[in-house]
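> What follows is a structure written as structure tokens; I'll ask about it next.
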Amino acid sequence: MDYFELEHMDVGSATPDAADYFFVEATLVSALPNIPTEKIMPLQSIIDKEVAREALYKVLDENNISHQ
């Protein structure tokens, strides 16, 4: 995989086909009932870069995509 795209949307606009993964603040997970749970990456903080980095690396590792 050579191409990544990042988009932002409100949870009310999220549809299962809108993204491969949804990184969302943990308290908003229940607002995404139509999104498969395996596509949701709950974050304890949306402003802490390290929390987001760990969640991203988890997705990359699960998909055997190298990262720094």
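Residue names in the structure tokens use chain letters A, B, ... in the order shown, residue numbers from 1 in each chain, and ligand numbers from 1 in the order shown.
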Find the nearest atom pair between each residue of segment 35-56 of chain A and segment 15-30 of chain A for residues within 8 Å, count only C-alpha atoms, give distances in Å to one decimal, sort rows by chain and ascending number, and present the table as a tab-separated table.

```
residue	atom	partner	partner_atom	distance
A:Ile35	CA	A:Pro16	CA	5.0
A:Pro36	CA	A:Pro16	CA	7.1
A:Lys39	CA	A:Tyr21	CA	4.6
A:Ile40	CA	A:Phe22	CA	4.8
A:Met41	CA	A:Phe23	CA	4.7
A:Pro42	CA	A:Ala26	CA	4.6
A:Leu43	CA	A:Glu25	CA	4.7
A:Gln44	CA	A:Ala26	CA	5.6
A:Ser45	CA	A:Glu25	CA	6.2
A:Ile46	CA	A:Glu25	CA	5.8
A:Ala52	CA	A:Phe23	CA	8.0
A:Ala55	CA	A:Phe23	CA	7.9
```
> Could you take the residues named above and write them with N, CA and C atoms, as a PDB file, in the first residue's frame?

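Okay, this is what ended up in result18.pdb:
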```pdb
ATOM      1  N   ILE A  35     -21.324   1.271  11.907  1.00  0.00           N
ATOM      2  CA  ILE A  35     -19.946   0.996  11.511  1.00  0.00           C
ATOM      3  C   ILE A  35     -19.505  -0.310  12.183  1.00  0.00           C
ATOM      4  N   PRO A  36     -18.972  -1.264  11.425  1.00  0.00           N
ATOM      5  CA  PRO A  36     -18.500  -2.514  12.035  1.00  0.00           C
ATOM      6  C   PRO A  36     -17.433  -2.229  13.098  1.00  0.00           C
ATOM      7  N   LYS A  39     -13.726  -1.898  12.405  1.00  0.00           N
ATOM      8  CA  LYS A  39     -13.253  -0.719  11.678  1.00  0.00           C
ATOM      9  C   LYS A  39     -13.085   0.496  12.593  1.00  0.00           C
ATOM     10  N   ILE A  40     -13.512   0.372  13.854  1.00  0.00           N
ATOM     11  CA  ILE A  40     -13.465   1.495  14.790  1.00  0.00           C
ATOM     12  C   ILE A  40     -12.247   1.370  15.700  1.00  0.00           C
ATOM     13  N   MET A  41     -11.461   2.424  15.737  1.00  0.00           N
ATOM     14  CA  MET A  41     -10.294   2.498  16.618  1.00  0.00           C
ATOM     15  C   MET A  41     -10.580   3.575  17.665  1.00  0.00           C
ATOM     16  N   PRO A  42     -11.065   3.176  18.854  1.00  0.00           N
ATOM     17  CA  PRO A  42     -11.380   4.177  19.878  1.00  0.00           C
ATOM     18  C   PRO A  42     -10.120   4.791  20.483  1.00  0.00           C
ATOM     19  N   LEU A  43     -10.141   6.098  20.641  1.00  0.00           N
ATOM     20  CA  LEU A  43      -9.011   6.836  21.214  1.00  0.00           C
ATOM     21  C   LEU A  43      -9.418   7.406  22.564  1.00  0.00           C
ATOM     22  N   GLN A  44      -8.566   7.233  23.562  1.00  0.00           N
ATOM     23  CA  GLN A  44      -8.845   7.809  24.881  1.00  0.00           C
ATOM     24  C   GLN A  44      -8.693   9.319  24.872  1.00  0.00           C
ATOM     25  N   SER A  45      -7.937   9.837  23.916  1.00  0.00           N
ATOM     26  CA  SER A  45      -7.751  11.281  23.769  1.00  0.00           C
ATOM     27  C   SER A  45      -7.564  11.589  22.292  1.00  0.00           C
ATOM     28  N   ILE A  46      -8.310  12.546  21.795  1.00  0.00           N
ATOM     29  CA  ILE A  46      -8.141  12.896  20.381  1.00  0.00           C
ATOM     30  C   ILE A  46      -7.111  13.994  20.185  1.00  0.00           C
ATOM     31  N   ALA A  52      -2.945   8.685  19.385  1.00  0.00           N
ATOM     32  CA  ALA A  52      -3.296   8.498  17.971  1.00  0.00           C
ATOM     33  C   ALA A  52      -2.237   7.672  17.253  1.00  0.00           C
ATOM     34  N   ALA A  55      -2.582   3.956  18.057  1.00  0.00           N
ATOM     35  CA  ALA A  55      -3.721   3.358  17.359  1.00  0.00           C
ATOM     36  C   ALA A  55      -3.404   3.163  15.879  1.00  0.00           C
TER      37      ALA A  55
END
```
> For the helix (DSSP H, G or I) assignment from backbone DSSP, which residues of chain A qualify? Please present them as a PyMOL selection string.
chain A and resi 11-13+16-18+26-31+37-39+49-62
> Please measure the separation of atom CA of Asp10 of chain A and atom CA of Asp48 of chain A, giving the value in Å to one decimal.
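The value is 19.0 Å.
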> Could you find all residues in chain A that DSSP calls strand (DSSP E) from the backbone, and write them as a list in words?
Phe22, Phe23, Val24, Glu25, Ile40, Met41, Pro42 and Leu43 of chain A
